[in-house]
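One structure is given below, encoded as structure tokens.
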Protein chains: 2
Amino acid sequence: MIVELINTGSELMLGRVLNTHQQWLCRQLADLGYVVTRQVAVPDTGSDIEQAVKEALARADVVIATGGLGPTSDDLTRDLVAQLLGKELREDAAVLAHIRSFFESRKRPMPERTKVQAMVPDGATVLHNPHGTAPGLAMEVKPNPFRPGSQPSWLIMLPGPPRELRPMFTDTVTPLLQQVLPLASRFVCRTLRTTGIGESVVQEKIGDPLQRWVEAGLDLGYCARPGQVDVRLAARGGDAERQVGEAEAIVRGLIGPYIYGVEDEDLETVIVRLLTERKATLALAESCTGGCIANRVTNVPGASAVLLAGLVTYSNAAKQKFLGVHAETLDRHGAVSKPVAREMAEGARNQIQADYALSVTGIAGPSGGTPEKPVGTVYIGLADPSGTIAERQFNPYDRETFKQVTTQQALELLRRTILSDSVVSPV
Amino acid sequence: MIVELINTGSELMLGRVLNTHQQWLCRQLADLGYVVTRQVAVPDTGSDIEQAVKEALARADVVIATGGLGPTSDDLTRDLVAQLLGKELREDAAVLAHIRSFFESRKRPMPERTKVQAMVPDGATVLHNPHGTAPGLAMEVKPNPFRPGSQPSWLIMLPGPPRELRPMFTDTVTPLLQQVLPLASRFVCRTLRTTGIGESVVQEKIGDPLQRWVEAGLDLGYCARPGQVDVRLAARGGDAERQVGEAEAIVRGLIGPYIYGVEDEDLETVIVRLLTERKATLALAESCTGGCIANRVTNVPGASAVLLAGLVTYSNAAKQKFLGVHAETLDRHGAVSKPVAREMAEGARNQIQADYALSVTGIAGPSGGTPEKPVGTVYIGLADPSGTIAERQFNPYDRETFKQVTTQQALELLRRTILSDSVVSPV
């Protein structure tokens with residue numbers, strides 16, 4: 001199965017935006033067993049897009065193209081593809097009605113130009129776009145003039161905005177692919193997500209014990225991101241399920257406590273689930289993470305049932321006023337210290353009347369460090385019915401990575417504490 | 001000038017990492033006037049890399065390839081290119097000495113395999129790598145067997161790790177390109193960032209007035225992201241500066257109030273700059289955005305000088321306790337209402353003693369909507385020395401997009417208010 005991806009957009013060629021579609025689509029496709037063999041990005045010009053589509057159709061069973069389906073003058077993909085494959089464009093009544101109702105429900109006038117998005121090449125399947133106005137399009141290229149004598153190819157066109165492309169891929173492209181181009185052999189892929197352990201240590205611990213499975217065809221991969229290492233186990237064939245299952249059991253036996261989730265599960269999703277199951281509540285007191293923890297927890301639907309409040313107490317005055325941190329503690333130990341982290345957590349728990357309270361105080365940089373407390377120094381506190389703990393961490397990264405890694409460490413401390421608390425008594 | 005970029009790496013095809021090289025290199029090259037015309041990513045397999053290099057050399061004046069220069073078994077680029085161009089590989093004494101001293105200075109033994117990185121194809125220029133062991137390589141392909149009868153091409157190979165690639169590009173590739181392939185004409189590119197206006201409306205307003213410049217060669221592009229539309233103006237030639245300048249003036253005349261920044265400037269960066277210049281302080285009271293505003297503002301270095309505190313008051317109890325929102329207001333109007341947004345902003349301003357206080361209360365979804373206040377309804381409040389305002393917005397998107405768009409609207413309300421306040425008097 002040859003799968004190629006074409007990303008269109010002059011802003012990509014000018015380096016104005018990061019091509020997140022490549023990673024996201026390659027990841028989804030690989031996990032389904034359709035590994036992308038080539039990705040191409042070209043500008044929004046007719047000849048470049050046409051050339052890229054022709055070349056991909058000459059090689060691939062599936063070509064996925066992103067962008068160029070919107071209403072503006074640089075959105076050329078729909079017209080070019082229709083022309084290239086000799087198809088007429090017709091206005092699709094259902095798509096037009098969707099575009100109209102999209103604007104009506106937002107009480108905005110419908111610009112005349114948006115109607116062009118209802119034009120559909122003859123024979124194309126419309127992929128519904130509940131999150132925007134440009135539908136996706138799927139076409140079986142049969143016969144494929146660029147690959148004579150071969151199986152027909154599929155050409156799938158998706159809109160550029162990620163919040164439109166992603167649900168469309170999951171809800172309509174995935175089932176379509178599995179129906180029209182089923183994989184010859186079973187493919188099983190499992191990702192185990194770890195935190196609190198480095199990539200080389202993970203590899204040292206599980207590499208040798210899994211050698212026998214790797215030799216039998218298991219694909220073992222690692223992916224390190226700030227504060228996180230993913231272990232990917234994949235296999236093909238009739239035995240894939242068993243191979244991956246055995247490998248997972250071995251990995252869990254060796255590094256189980258570091259595994260917080262599987263597949264795309266975030267640590268914040270795990271936290272909201274654990275707290276919801278226990279009917280427990282959470283309060284946050286953040287300094288250097290500046291709301292990053294609250295922001296991640298509130299990305300999870302249902303967070304409002306467990307997160308009562310988060311206080312971003314950047315100034316010392318705010319730490320005293322809202323959390324009751326003592327002036328003396330701040331004077332004696334400094335705002336970035338274990339005693340202040342403890343008082344912040346305890347203050348948040350008491351003031352907000354939550355079961356658990358997490359606190360963070362540190363130096364995100366780029367300035368503000370001292371020889372004893374260099375940039376990257378951070379204290380994480382946690383108060384719960386059984387008491388208060390605080391730990392020091394050192395995350396000498398750029399500002400945003402520092403916030404992400406520290407948030408990950410704080411949520412992981414909370415996860416382990418929740419799991420070790422057998423019963424949570426109310427405050 | 002035709003410039004192509006090849007990124008090698010199986011982890012790219014599996015979607016395990018984001019291809020940051022593409023954006024970074026495309027951006028650097030575009031700003032120098034060498035706009036990349038095509039980017040390709042292929043896995044670390046010999047045939048794929050060879051095919052991609054051959055195809056690129058058949059079209060391009062400059063081909064830049066990343067990755068595949070390291071010491072491991074999947075680092076194939078060096079050998080493949082030498083073979084493809086019929087060049088012998090020789091061990092380069094200076095490179096070998098650098099690798100030795102690299103390990104010595106880190107007090108680590110030098111693995112035998114790393115010596116392969118000292119192999120240099122005949123006639124290639126070595127690009128020194130002060131941050132790693134694999135040097136970059138630059139080769140003039142002369143004659144170019146894949147593009148007979150044309151000018152020779154340049155093939156530039158760079159190591160994969162960003163902290164090695166980036167300084168190497170800046171320090172050695174940039175001067176090399178400017179020396180061996182000087183640009184025939186000047187290139188100017190400018191991006192204007194807008195918020196509060198949709199992509200089609202931007203185009204309706206500026207498309208026709210800029211028609212004359214587009215016909216004269218101006219490249220006009222749009223890029224829509226949640227809560228944001230970028231307008232890109234680019235031109236080449238001796239007249240480029242004037243063309244882009246005139247076009248910018250026209251765009252500013254037509255949609256000036258919506259333009260918050262240029263090039264890569266974020267709205268939060270603008271806010272921190274405006275507040276810092278005015279020595280003014282900020283407080284935040286967030287409900288449905290859940291810390292997203294605080295998180296974005298605190299991503300900006302120097303935010304601690306202007307942001308005093310942010311309160312994420314998810315529960316009604318927290319709104320009352322920390323912000324002094326009246327129980328009666330909550331009862332009569334509901335938590336998601338204009339009066340509550342006003343009281344939140346005023347309460348935050350008073351409690352935190354800040355010059356400006358921004359508040360947000362709304363329904364992020366997916367549940368919690370009513371017929372009068374459907375999911376996506378949000379009220380944004382702003383209190384400053386001259387009084388309090390509140391506006392209703394409707395952002396019916398998925399949860400994370402809702403938070404991003406609402407944050408953008410709140411920061412934009414703050415930006416416009418700061419700019420309209422001639423003098424800020426202290427609280």
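Letters for chains follow the order of the structure tokens (A, B, ...), residue numbers begin at 1 for each chain, and ligand numbers begin at 1 in the order shown.
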> Just asking: which residues within range 6-208 of chain A are alpha helix (DSSP H) according to DSSP, as a count of residues only?
Replying inline: 74
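Look at range 179-187 of chain A: the protein and nucleic acid residues within 6 Å of it, using only C-alpha atoms and passing over chain neighbours fewer than 5 places away, are Gly33, Ala235, Arg236 and Gly237 of chain A.
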Write the selection just made, keeping all heavy atoms, as a tab-separated table (two decimals), in the first residue's frame?
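Now in selection.tsv:
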chain	number	residue	atom	x	y	z
A	33	GLY	N	-2.09	1.52	10.12
A	33	GLY	CA	-1.37	0.57	9.28
A	33	GLY	C	-1.10	1.08	7.88
A	33	GLY	O	-0.51	0.37	7.06
A	235	ALA	N	2.79	-4.49	15.20
A	235	ALA	CA	3.06	-5.75	14.50
A	235	ALA	C	2.02	-5.95	13.41
A	235	ALA	O	0.92	-5.38	13.46
A	235	ALA	CB	3.04	-6.92	15.48
A	236	ARG	N	2.39	-6.72	12.42
A	236	ARG	CA	1.50	-7.06	11.31
A	236	ARG	C	1.28	-8.56	11.25
A	236	ARG	O	2.13	-9.32	11.69
A	236	ARG	CB	2.13	-6.65	9.97
A	236	ARG	CG	2.03	-5.20	9.66
A	236	ARG	CD	2.64	-4.86	8.30
A	236	ARG	NE	2.72	-3.43	8.16
A	236	ARG	CZ	1.72	-2.65	7.75
A	236	ARG	NH1	0.56	-3.19	7.41
A	236	ARG	NH2	1.87	-1.34	7.66
A	237	GLY	N	0.16	-8.96	10.67
A	237	GLY	CA	-0.08	-10.38	10.44
A	237	GLY	C	-1.04	-10.98	11.43
A	237	GLY	O	-1.50	-10.32	12.37
> Contacts of Thr8 in chain A at 8 Å or less, counting only C-alpha atoms, minus same-chain residues fewer than 6 places along, as a ChimeraX atom specification?
Replying inline: /A:41-44,49,65-68
> With chain B laid on chain A by least squares, using all C-alpha atoms in order, how large is the RMSD?
Replying inline: 3.5 Å
Considering only C-alpha atoms, return as a short mmCIF file (atom, residue, chain, number, x, y, z; two decimals) with all heavy atoms, in the first residue's frame whatever protein or nucleic-acid residues lie within 9 Å of Glu11 in chain A, sequence-local ones (same chain, fewer than 6 positions apart) excluded.
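What ended up in selection_19.cif:
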data_model
loop_
_atom_site.label_atom_id
_atom_site.label_comp_id
_atom_site.auth_asym_id
_atom_site.auth_seq_id
_atom_site.Cartn_x
_atom_site.Cartn_y
_atom_site.Cartn_z
N VAL A 17 4.16 29.16 8.82
CA VAL A 17 3.46 28.27 9.76
C VAL A 17 4.16 26.91 9.78
O VAL A 17 4.86 26.53 8.84
CB VAL A 17 1.98 28.05 9.38
CG1 VAL A 17 1.18 29.33 9.49
CG2 VAL A 17 1.86 27.47 7.98
N PRO A 43 3.70 25.27 -3.04
CA PRO A 43 2.95 26.53 -2.86
C PRO A 43 1.58 26.46 -3.53
O PRO A 43 1.29 25.54 -4.30
CB PRO A 43 3.83 27.58 -3.54
CG PRO A 43 4.86 26.85 -4.32
CD PRO A 43 4.84 25.42 -3.93
N ASP A 44 0.74 27.47 -3.22
CA ASP A 44 -0.61 27.56 -3.79
C ASP A 44 -0.60 28.05 -5.22
O ASP A 44 -1.34 28.99 -5.55
CB ASP A 44 -1.43 28.61 -3.00
CG ASP A 44 -1.67 28.21 -1.58
OD1 ASP A 44 -1.97 27.04 -1.35
OD2 ASP A 44 -1.57 29.09 -0.70
N GLY B 221 -1.21 36.91 -0.06
CA GLY B 221 -1.67 35.63 0.48
C GLY B 221 -2.39 35.81 1.80
O GLY B 221 -2.17 36.79 2.52
N TYR B 222 -3.26 34.84 2.12
CA TYR B 222 -4.02 34.87 3.36
C TYR B 222 -3.75 33.58 4.12
O TYR B 222 -3.62 32.53 3.51
CB TYR B 222 -5.53 34.95 3.07
CG TYR B 222 -5.91 36.09 2.17
CD1 TYR B 222 -6.01 35.90 0.79
CD2 TYR B 222 -6.16 37.36 2.68
CE1 TYR B 222 -6.36 36.95 -0.05
CE2 TYR B 222 -6.51 38.41 1.85
CZ TYR B 222 -6.60 38.20 0.48
OH TYR B 222 -6.94 39.24 -0.34
N CYS B 223 -3.72 33.66 5.43
CA CYS B 223 -3.62 32.44 6.23
C CYS B 223 -4.51 32.57 7.45
O CYS B 223 -4.30 33.45 8.29
CB CYS B 223 -2.17 32.18 6.63
SG CYS B 223 -2.00 30.70 7.61
N ARG B 232 -0.25 38.32 3.86
CA ARG B 232 1.16 38.31 3.49
C ARG B 232 1.36 39.07 2.19
O ARG B 232 0.67 38.84 1.20
CB ARG B 232 1.60 36.86 3.31
CG ARG B 232 3.10 36.67 3.25
CD ARG B 232 3.44 35.23 2.96
NE ARG B 232 2.99 34.87 1.64
CZ ARG B 232 2.03 34.01 1.37
NH1 ARG B 232 1.41 33.37 2.32
NH2 ARG B 232 1.66 33.76 0.13
#
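Nearest residue to Ile352 in chain A among B:Lys319, B:Thr370, B:Val325, B:Ala335 is B:Lys319, counting only C-alpha atoms.
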> For Ile6 in chain B, which residue among A:Val306, A:Gln39, A:Val81, A:Leu311 is the nearest when counting only C-alpha atoms?
Replying inline: A:Gln39
> Leaving out Asp208 in chain A and any residue of its chain fewer than 5 positions from it, which residues lie within 12 Å of it when counting only C-alpha atoms, given as JSON, numbers by chain?
Replying inline: {"A": [202, 203, 213, 214, 215, 220, 247, 250, 251, 254]}
> Just how far from CA of Leu5 in chain A is CA of Val40 in chain A, in Å to one decimal?
Replying inline: 6.3 Å
> Counting only C-alpha atoms, what is within 9 Å of Arg90 in chain A, bar same-chain residues fewer than 2 positions away, as a VMD selection string?
Replying inline: chain A and resid 88 92 118 to 122
Write out the residues from the selection above, keeping N, CA and C atoms, as a short mmCIF file (atom, residue, chain, number, x, y, z; two decimals), in the first residue's frame.
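To be explicit, this is the file written out as again-v7.cif:
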data_model
loop_
_atom_site.label_atom_id
_atom_site.label_comp_id
_atom_site.auth_asym_id
_atom_site.auth_seq_id
_atom_site.Cartn_x
_atom_site.Cartn_y
_atom_site.Cartn_z
N GLU A 88 -16.50 17.51 -14.52
CA GLU A 88 -17.27 18.75 -14.39
C GLU A 88 -17.45 19.08 -12.90
N ASP A 92 -23.40 21.54 -5.29
CA ASP A 92 -24.07 20.50 -4.50
C ASP A 92 -25.06 21.19 -3.55
N ALA A 118 -19.30 24.98 -2.48
CA ALA A 118 -20.33 23.97 -2.74
C ALA A 118 -20.14 23.28 -4.09
N MET A 119 -19.11 23.67 -4.84
CA MET A 119 -18.86 23.05 -6.14
C MET A 119 -18.14 21.71 -5.93
N VAL A 120 -18.70 20.66 -6.51
CA VAL A 120 -18.18 19.30 -6.29
C VAL A 120 -17.88 18.65 -7.65
N PRO A 121 -16.69 18.06 -7.83
CA PRO A 121 -16.39 17.38 -9.09
C PRO A 121 -17.30 16.17 -9.27
N ASP A 122 -17.73 15.94 -10.49
CA ASP A 122 -18.57 14.79 -10.84
C ASP A 122 -18.03 13.49 -10.25
#
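For the pair CA of Arg147 in chain B and CA of Gln83 in chain B, the separation is 17.4 Å.
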>> Please list as a ChimeraX atom specification every residue within 7 Å of Gly362 in chain A, counting only C-alpha atoms and excluding residues in the same chain fewer than 6 positions away.
In response: /A:288,336,377-379
> Hey, can you check how far CA of Asn129 in chain A sits from CA of Gln22 in chain A?
Replying inline: 19.9 Å
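Proximity ranking of A:Pro159, A:Pro130, A:Gly123, A:Gly310 relative to chain B places A:Gly310 first, based on only C-alpha atoms.
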>> Among range 231-372 of chain A, which ones does DSSP assign to strand (DSSP E or B) (computed from the backbone)? Answer as a PyMOL selection string.
In response: chain A and resi 231-236+259-262+282-286+307-313+356-362
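Distances to chain A were evaluated for B:Leu96, B:Ile271, B:Ile197, B:Leu57 using only C-alpha atoms, and the minimum falls at B:Ile197.
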> From the list B:Val95, B:Val360, B:Leu419, B:Leu210, which residue is nearest Leu275 in chain B when using only C-alpha atoms?
Replying inline: B:Leu419
